[in-house]
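First up is the structure itself, then whatever we jot down about it.
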Amino acid sequence: MSKQSKRREALLYHAKPKPGKIQVVPTKKYATQRDLSLAYSPGVAEPCLEIAKDVENVYKYTAKGNLVAVISNGTAVLGLGNIGPEASKPVMEGKGLLFKIFADIDVFDIEVGTENVDSFIETVKNIAPTFGGINLEDIKAPEAFEIERRLKEELDIPVMHDDQHGTAIISAAALLNALSIVNKKIEKVKIVISGAGAAAVSCTRLYKAFGAKTENIVMLDSKGVIRKDRETLSEEKQEFATARKIDTLDESMKNADVFVGLSIADIVTPKMLKSMAKDPIVFAMANPDPEIAYDLAVSARKDIIMATGRSDHPNQVNNVLGFPFIFRGALDVRATKINEAMKMAAVKALAELAKEPVPEQVNIAYGETKLLFGKDYIIPKPFDPRLIATVPPAVAKAAMESGVATAPIKDWDKYVDELYERMGSDNKIVRLLVNRAKINPKRVVFAEADHLDVLKAAQIVFEEGIGIPVLLGRKEVILELMEQIEFNEDLEIIDPKSDEATETLNRYAEMFWKSRRRSGVTLYDAQKLMRERNYYASMMLNEGDVDAMISGYSRSYPSVVRPVLETIGKYDGVSKVATTNLMLTKRGPLFISDTSINIDPTAKELAKIAQMTNYTMKMFGLEPVIAMISYANFGSSKDPHATKVQEAVALLHKSNPDMILDGELQTDFALNPEMLQKKFPFSKLAGRKVNALIFPNLDSANSNYKLLKELNNVESIGPIMLGMRKPVHILQLGASVEEIVNMAAVAVVDAQQKEKRIREQPKRQ
Ligand SMILES: NC(=O)C1=CN([C@@H]2O[C@H](COP(=O)(O)OP(=O)(O)OC[C@H]3O[C@@H](n4cnc5c(N)ncnc54)[C@H](OP(=O)(O)O)[C@@H]3O)[C@@H](O)[C@H]2O)C=CC1
Ligand SMILES: CC(=O)C(=O)O
Ligand SMILES: [Mg+2]
């Protein structure tokens with residue numbers, strides 16, 4: 001993607017559909033007059049009075065305990081400099097988003113219109129009663145030091161300047177790990193620090209706490225090396241002034257073991273890197289552009305350990321890995337401070353986590369085959385689901401041991417469960433799917449590429465590396481739309497009705513005729529049918545000219561299912577295809593089957609639907625826990641509708657004893673593990689979190705998934721076809737661009753799995 005399109009995409013992302021990145025969402029019911037009389041006057045007076053009696057009750061009755069203020073005055077915004085409070089707001093909203101998605105912490109971002117230290121401190125102190133913690137952000141040095149010091153002294157809630165300590169914690173963890181890889185001792189290494197601002201000073205102090213020696217450190221600011229004999233140095237700069245008679249970065253880098261950049265973009269050259277000692281460690285952390293570009297650095301030295309603050313290269317050393325988890329731990333024990341012990345605990349937890357085997361889910365999320373502790377993986381990745389269960393408990397324990405926790409945790413296992421529970425998993429599954437697709441992108445034919453939304457989706461699929469689109473439809477329309485959306489790639493475009501397609505069309509027609517001539521199809525019929533996009537696209541897939549197919553955006557479901565079934569057909573052993581919908585609910589992913597095809601399946605067919613759903617869930621990397629739904633529970637009704645489900649369960653328990661499946665069950669029991677455990681402790685599902693519901697008929701499955709979608713605003717992926725011989729997936733009429741992209745990712749992963757199955761077949765025989 002060009003720089004210009006990236007810029008446009010970033011602006012559009014921030015502007016649409018609603019300006020900005022965060023909003024306030026009520027957490028209590030507000031539907032009735034009764035609800036409002038509790039939420040507001042007169043009911044609201046009761047908690048007010050309780051808090052007035054004892055101020056600690058504010059944690060009991062308000063959101064304070066989970067609310068952090070992200071506060072800036074815009075004087076050192078990333079590496080963009082002093083761009084003012086309003087211009088800093090996108091970054092502060094971004095921090096709010098990260099706090100929420102990584103640690104379920106709510107944020108108000110507050111941009112303060114003053115550069116005066118006293119007035120800034122006064123503002124923060126005055127608003128502090130609202131918050132459980134204060135995260136100071138992008139405030140320039142030296143003011144940042146005084147602001148943080150005084151606020152820590154004067155407030156009894158945790159205050160942390162993220163650019164100082166968040167960065168120090170992450171980079172210290174990364175540095176300790178990098179040094180262990182190259183077998184160097186922190187006490188011995190020569191370190192160059194570019195930058196002498198908030199981040200640089202605090203990072204260097206922490207490295208010293210871990211053993212780095214002042215005499216081995218050279219720090220530079222915008223004027224060059226900070227020498228002892230330089231005039232008018234700030235207190236912080238004096239702390240790191242060197243006695244060496246050098247002035248430039250060039251000179252400082254000679255034989256240095258470590259370079260830490262917390263300054264500005266592009267000030268380090270390959271020549272400087274070449275002058276460093278063997279196995280140099282280079283953390284170029286200026287944002288958004290590092291002190292030296294990643295590719296330039298790694299091509300300058302083979303033995304380098306290279307990190308940047310960015311997410312698009314290995315080793316992202318960025319405070320995003322710190323602030324959400326550090327505040328989570330601090331808030332959960334209601335710490336009065338974030339102290340040295342808590343910071344050291346966070347460093348150790350992060351450094352150790354990087355050495356643990358990486359869960360497959362993380363490999364998939366980052367499109368990696370296998371992340372392994374080493375030069376390209378010195379620090380955990382932000383989307384690592386283990387972070388939430390590792391860093392906050394370490395921080396909370398340190399707070400308790402160092403005496404700053406006012407609400408100590410007693411049951412650590414329960415706390416870890418709560419942390420996992422907080423994170424839910426609504427979006428993760430989509431990320432996993434997309435990243436799994438990216439590992440081995442496949443050729444996907446979009447059978448309706450002459451529709452704007454389908455084409456837009458194809459563009460995203462191509463640009464994200466999810467798949468290689470083949471665009472099918474009216475060529476002149478496709479070309480015109482491509483120009484409109486600046487989709488200038490040289491992709492294959494096929495118009496089945498054009499002369500160019502005649503030869504292939506005739507070949508497909510003949511193949512189709514041969515397979516259906518005993519079902520009343522003539523060669524002429526076949527040639528006519530092939531001019532219809534879904535027959536043509538299906539034959540492309542059937543003949544291996546593409547790996548997967550997406551259609552259905554502009555046609556009714558049955559009108560697409562028919563050509564697909566007539567050409568591609570079902571997987572061996574499948575008598576009827578079915579569909580499942582993946583619902584991205586707040587309690588996690590939930591599959592619902594069969595949502596689109598079988599009106600009233602028999603017990604045997606229902607069992608098959610469950611088996612196929614089980615297979616597809618594994619494709620998503622999930623461990624299936626399946627409930628067979630009815631209006632009755634375990635034999636409570638002898639009505640044939642209920643006994644049909646019972647029979648399906650009995651069949652499956654016999655044929656697939658390893659499947660975690662049971663029923664028949666009512667939906668509320670299926671979705672409530674505690675109720676299930678209490679009433680039906682004998683069930684295979686007792687104590688487990690059900691993630692798939694197989695409904696007894698189409699009426700119930702279809703209505704339920706649509707109810708969830710419409711009433712609870714639950715996003716859905718699907719209907720995903722089950723039981724087709726090849727990866728073909730049919731969209732809902734008028735699906736959104738996002739839904740089409742997700743389905744394309746499903747199709748690519750399906751193609752990968754089917755390819756794997758074919759590859760493994762001879763081995764099984
Ligand atoms: N990856 C991460 O997680 C983080 C990265 N950063 C990055 O670190 C940088 C600094 O942030 P922060 O400390 O908050 O900002 P500050 O404004 O507090 O500090 C900036 C420092 O950079 C120095 N500087 C400017 N130009 C040069 C130069 N040519 N050579 C050497 N030093 C120079 C300044 O020198 P002087 O003192 O003379 O003005 C100042 O000391 C930014 O790019 C920011 O994005 C910050 C926090 C986290
Ligand atoms: C990451 C960050 O906080 C910064 O660059 O300022
Ligand atoms: Mg910052």
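Just remember, in the structure tokens the first chain shown is A, the second B, etc., residues are 1-based per chain, and ligands are 1-based in the order shown.
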
Go through segment 303-435 of chain A and collect every residue that DSSP, computed from the backbone, puts in strand (DSSP E or B); the answer should be as a count of residues only.
9

Could you give me, as a Markdown table, every chain A residue with an atom at most 8 Å from ligand 2, plus its closest atom pair and distance in Å to one decimal, counting only C-alpha atoms and all ligand atoms, rows ordered by chain then number?
```
| residue | atom | partner | partner_atom_place_in_ligand_line | distance |
| --- | --- | --- | --- | --- |
| A:Ala76 | CA | ligand 2 | 6 (O) | 7.3 |
| A:Val77 | CA | ligand 2 | 6 (O) | 5.8 |
| A:Leu78 | CA | ligand 2 | 6 (O) | 3.6 |
| A:Gly79 | CA | ligand 2 | 5 (O) | 6.2 |
| A:Glu137 | CA | ligand 2 | 3 (O) | 6.8 |
| A:Asp138 | CA | ligand 2 | 6 (O) | 5.6 |
| A:Asp162 | CA | ligand 2 | 3 (O) | 6.6 |
| A:Asp163 | CA | ligand 2 | 3 (O) | 5.2 |
| A:Thr167 | CA | ligand 2 | 3 (O) | 7.5 |
| A:Met285 | CA | ligand 2 | 5 (O) | 7.5 |
| A:Ala286 | CA | ligand 2 | 5 (O) | 6.2 |
| A:Asn287 | CA | ligand 2 | 5 (O) | 4.7 |
| A:Pro288 | CA | ligand 2 | 5 (O) | 6.9 |
| A:Gly309 | CA | ligand 2 | 1 (C) | 6.8 |
| A:Asn318 | CA | ligand 2 | 1 (C) | 5.5 |
| A:Asn319 | CA | ligand 2 | 1 (C) | 5.5 |
| A:Val320 | CA | ligand 2 | 1 (C) | 6.7 |
```

Output the neighbourhood of ligand 1 as a PyMOL selection string, that is, all protein and nucleic acid residues with some atom at most 8 Å from the ligand, counting only C-alpha atoms and all ligand atoms.
chain A and resi 75-82+137-142+144+162-164+166-167+170-171+194-201+220-224+249+261-265+267+284-290+308-310+316-320

Excluding same-chain residues fewer than 2 positions from Tyr420 of chain A, what lies within 9 Å of it counting only C-alpha atoms, as an MDAnalysis selection string?
chainID A and resid 385:386 388:389 415:418 422:424

Counting only C-alpha atoms and all ligand atoms, the residue among A:Lys28, A:Glu352, A:Arg8, A:Ala168 that lies closest to ligand 3 is A:Ala168

Shell around Asp668 of chain A at 12 Å using only C-alpha atoms, local window under 4 positions removed, as a PyMOL selection string
chain A and resi 627+629-633+672-676+690+693

Expected file: the selected residues, C-alpha atoms, as an mmCIF file, in the first residue's frame:
```
data_model
loop_
_atom_site.group_PDB
_atom_site.id
_atom_site.type_symbol
_atom_site.label_atom_id
_atom_site.label_comp_id
_atom_site.auth_asym_id
_atom_site.auth_seq_id
_atom_site.Cartn_x
_atom_site.Cartn_y
_atom_site.Cartn_z
ATOM 1 C CA ALA A 627 -25.214 -28.822 23.416
ATOM 2 C CA ILE A 629 -30.942 -28.139 22.056
ATOM 3 C CA SER A 630 -34.599 -28.923 22.719
ATOM 4 C CA TYR A 631 -37.480 -27.489 24.715
ATOM 5 C CA ALA A 632 -36.919 -30.394 27.173
ATOM 6 C CA ASN A 633 -34.060 -31.543 29.419
ATOM 7 C CA ASN A 672 -25.269 -21.482 32.183
ATOM 8 C CA PRO A 673 -22.501 -23.799 33.468
ATOM 9 C CA GLU A 674 -23.487 -23.349 37.100
ATOM 10 C CA MET A 675 -27.150 -24.256 36.546
ATOM 11 C CA LEU A 676 -26.086 -27.204 34.433
ATOM 12 C CA VAL A 690 -20.730 -24.640 25.852
ATOM 13 C CA LEU A 693 -25.765 -25.124 20.026
#
```

Taking the DSSP assignment computed from this structure's backbone, write out as number ranges by chain all residues of segment 169-404 of chain A that belong to alpha helix (DSSP H).
A: 169-181, 198-209, 235-239, 249-253, 270-274, 294-300, 323-332, 340-355, 360-365, 387-401

Could you give me, as JSON lines, every segment 390-496 of chain A residue with an atom at most 12 Å from segment 517-541 of chain A, plus its closest atom pair and distance in Å to one decimal, counting only C-alpha atoms, rows ordered by chain then number?
```
{"residue": "A:Lys442", "atom": "CA", "partner": "A:Leu541", "partner_atom": "CA", "distance": 11.7}
{"residue": "A:Arg443", "atom": "CA", "partner": "A:Leu541", "partner_atom": "CA", "distance": 9.6}
{"residue": "A:Val444", "atom": "CA", "partner": "A:Leu541", "partner_atom": "CA", "distance": 8.8}
{"residue": "A:Val445", "atom": "CA", "partner": "A:Ala537", "partner_atom": "CA", "distance": 6.8}
{"residue": "A:Phe446", "atom": "CA", "partner": "A:Ala537", "partner_atom": "CA", "distance": 8.1}
{"residue": "A:Ala447", "atom": "CA", "partner": "A:Ala537", "partner_atom": "CA", "distance": 6.1}
{"residue": "A:Glu448", "atom": "CA", "partner": "A:Arg533", "partner_atom": "CA", "distance": 7.7}
{"residue": "A:Ala449", "atom": "CA", "partner": "A:Arg533", "partner_atom": "CA", "distance": 10.3}
{"residue": "A:Asp450", "atom": "CA", "partner": "A:Arg533", "partner_atom": "CA", "distance": 11.1}
{"residue": "A:Val470", "atom": "CA", "partner": "A:Ala537", "partner_atom": "CA", "distance": 9.8}
{"residue": "A:Leu471", "atom": "CA", "partner": "A:Ala537", "partner_atom": "CA", "distance": 10.0}
{"residue": "A:Leu472", "atom": "CA", "partner": "A:Arg533", "partner_atom": "CA", "distance": 7.4}
{"residue": "A:Gly473", "atom": "CA", "partner": "A:Arg533", "partner_atom": "CA", "distance": 7.1}
{"residue": "A:Arg474", "atom": "CA", "partner": "A:Arg533", "partner_atom": "CA", "distance": 9.8}
{"residue": "A:Ile493", "atom": "CA", "partner": "A:Ala537", "partner_atom": "CA", "distance": 12.0}
{"residue": "A:Ile494", "atom": "CA", "partner": "A:Ala537", "partner_atom": "CA", "distance": 9.6}
{"residue": "A:Asp495", "atom": "CA", "partner": "A:Arg533", "partner_atom": "CA", "distance": 8.4}
{"residue": "A:Pro496", "atom": "CA", "partner": "A:Arg531", "partner_atom": "CA", "distance": 5.5}
```

Residue contacts of Leu155 of chain A (12 Å, only C-alpha atoms) excluding same-chain residues fewer than 3 positions away, as a list in words
Ile121, Glu122, Val124, Lys125, Asn126, Ile127, Ala128, Pro129, Phe131, Gly132, Gly133, Ile134, Ile147, Glu148, Arg149, Arg150, Leu151, Lys152, Pro158, Val159, Met160, Ala335, Thr336, Lys337 and Ile338 of chain A

Selection: 7 Å around segment 725-740 of chain A, only C-alpha atoms, excl. self and same-chain fewer than 2 positions, as a list in words:
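Everything that qualifies: Asp453, Val454, Lys456, Ala457, Ala548, Met549, Ile550, Ser551, Gly552, Tyr553, Ser554, Arg555, Ser556, Ile568, Gly569, Lys570, Tyr571, Ile717, Gly718, Pro719, Ile720, Met721, Gly723, Asn742, Met743, Ala744, Ala747, Asp750 and Ala751 of chain A.
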
With C-alpha atoms retained, could you export that selection as a short mmCIF file (atom, residue, chain, number, x, y, z; two decimals), in the first residue's frame?
```
data_model
loop_
_atom_site.label_atom_id
_atom_site.label_comp_id
_atom_site.auth_asym_id
_atom_site.auth_seq_id
_atom_site.Cartn_x
_atom_site.Cartn_y
_atom_site.Cartn_z
CA ASP A 453 -19.06 -4.16 -1.70
CA VAL A 454 -17.82 -7.49 -3.01
CA LYS A 456 -14.10 -3.68 -1.80
CA ALA A 457 -13.94 -6.91 0.20
CA ALA A 548 -12.21 -21.44 -2.91
CA MET A 549 -15.39 -19.64 -3.90
CA ILE A 550 -17.52 -16.85 -2.42
CA SER A 551 -20.96 -15.94 -3.69
CA GLY A 552 -24.51 -15.09 -2.58
CA TYR A 553 -24.25 -11.33 -2.09
CA SER A 554 -26.82 -10.53 -4.75
CA ARG A 555 -28.83 -13.77 -5.01
CA SER A 556 -31.13 -15.72 -2.74
CA ILE A 568 -19.17 -29.48 -6.58
CA GLY A 569 -21.26 -31.83 -4.51
CA LYS A 570 -20.92 -33.12 -0.99
CA TYR A 571 -18.08 -34.58 0.98
CA ILE A 717 -19.84 -15.00 10.53
CA GLY A 718 -21.78 -17.22 8.22
CA PRO A 719 -23.76 -19.13 7.27
CA ILE A 720 -20.67 -21.31 6.90
CA MET A 721 -21.31 -24.31 4.64
CA GLY A 723 -20.19 -30.89 4.28
CA ASN A 742 -14.55 -12.72 7.11
CA MET A 743 -16.22 -15.30 4.87
CA ALA A 744 -13.30 -15.13 2.46
CA ALA A 747 -12.99 -20.03 2.71
CA ASP A 750 -11.26 -24.21 4.77
CA ALA A 751 -9.16 -24.65 1.61
#
```

List as a list of chain:residue names the protein and nucleic acid residues near Pro589 of chain A, meaning an atom at most 12 Å away when only C-alpha atoms are counted, but skip any in the same chain fewer than 6 places from it.
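Returned residues: A:Gly424, A:Ser425, A:Asp426, A:Asn427, A:Lys428, A:Ile429, A:Val430, A:Asn581, A:Leu582, A:Met583, A:Met617, A:Phe620, A:Gly621, A:Leu622, A:Glu623, A:Pro624, A:Val625, A:Lys689, A:Val690, A:Asn691, A:Ala692, A:Leu693, A:Val714, A:Glu715, A:Ser716, A:Ile717.
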
For the residues in the current selection, export C-alpha atoms as a short mmCIF file (atom, residue, chain, number, x, y, z; two decimals), in the first residue's frame.
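selection_30.cif, written as the output of this step:
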```cif
data_model
loop_
_atom_site.label_atom_id
_atom_site.label_comp_id
_atom_site.auth_asym_id
_atom_site.auth_seq_id
_atom_site.Cartn_x
_atom_site.Cartn_y
_atom_site.Cartn_z
CA GLY A 424 -14.03 -12.43 26.80
CA SER A 425 -12.97 -13.26 23.28
CA ASP A 426 -15.29 -11.46 20.89
CA ASN A 427 -12.75 -10.28 18.34
CA LYS A 428 -9.97 -12.69 18.97
CA ILE A 429 -11.49 -15.48 16.97
CA VAL A 430 -11.71 -13.30 13.86
CA ASN A 581 -23.18 -19.42 12.07
CA LEU A 582 -20.39 -18.24 14.29
CA MET A 583 -21.82 -15.65 16.68
CA MET A 617 -15.00 -25.50 15.05
CA PHE A 620 -11.20 -22.25 13.91
CA GLY A 621 -8.80 -23.58 16.54
CA LEU A 622 -11.56 -24.11 19.13
CA GLU A 623 -12.23 -27.06 21.41
CA PRO A 624 -15.89 -27.88 20.66
CA VAL A 625 -18.31 -28.19 23.61
CA LYS A 689 -18.55 -23.61 28.78
CA VAL A 690 -20.73 -24.64 25.85
CA ASN A 691 -19.61 -23.02 22.59
CA ALA A 692 -22.00 -24.66 20.11
CA LEU A 693 -25.76 -25.12 20.03
CA VAL A 714 -24.01 -9.75 17.99
CA GLU A 715 -21.73 -9.95 14.98
CA SER A 716 -22.04 -13.15 12.99
CA ILE A 717 -19.84 -15.00 10.53
#
```

Report the distance between atom CA of Phe373 of chain A and atom CA of Ala178 of chain A in Å, rounded to one decimal place.
9.8 Å

Counting only C-alpha atoms, the residue of A:Ile22, A:Phe283, A:Gly663, A:Lys228 that sits nearest Ile246 of chain A:
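Once distances to Ile246 of chain A are computed over only C-alpha atoms, the minimum belongs to A:Lys228.
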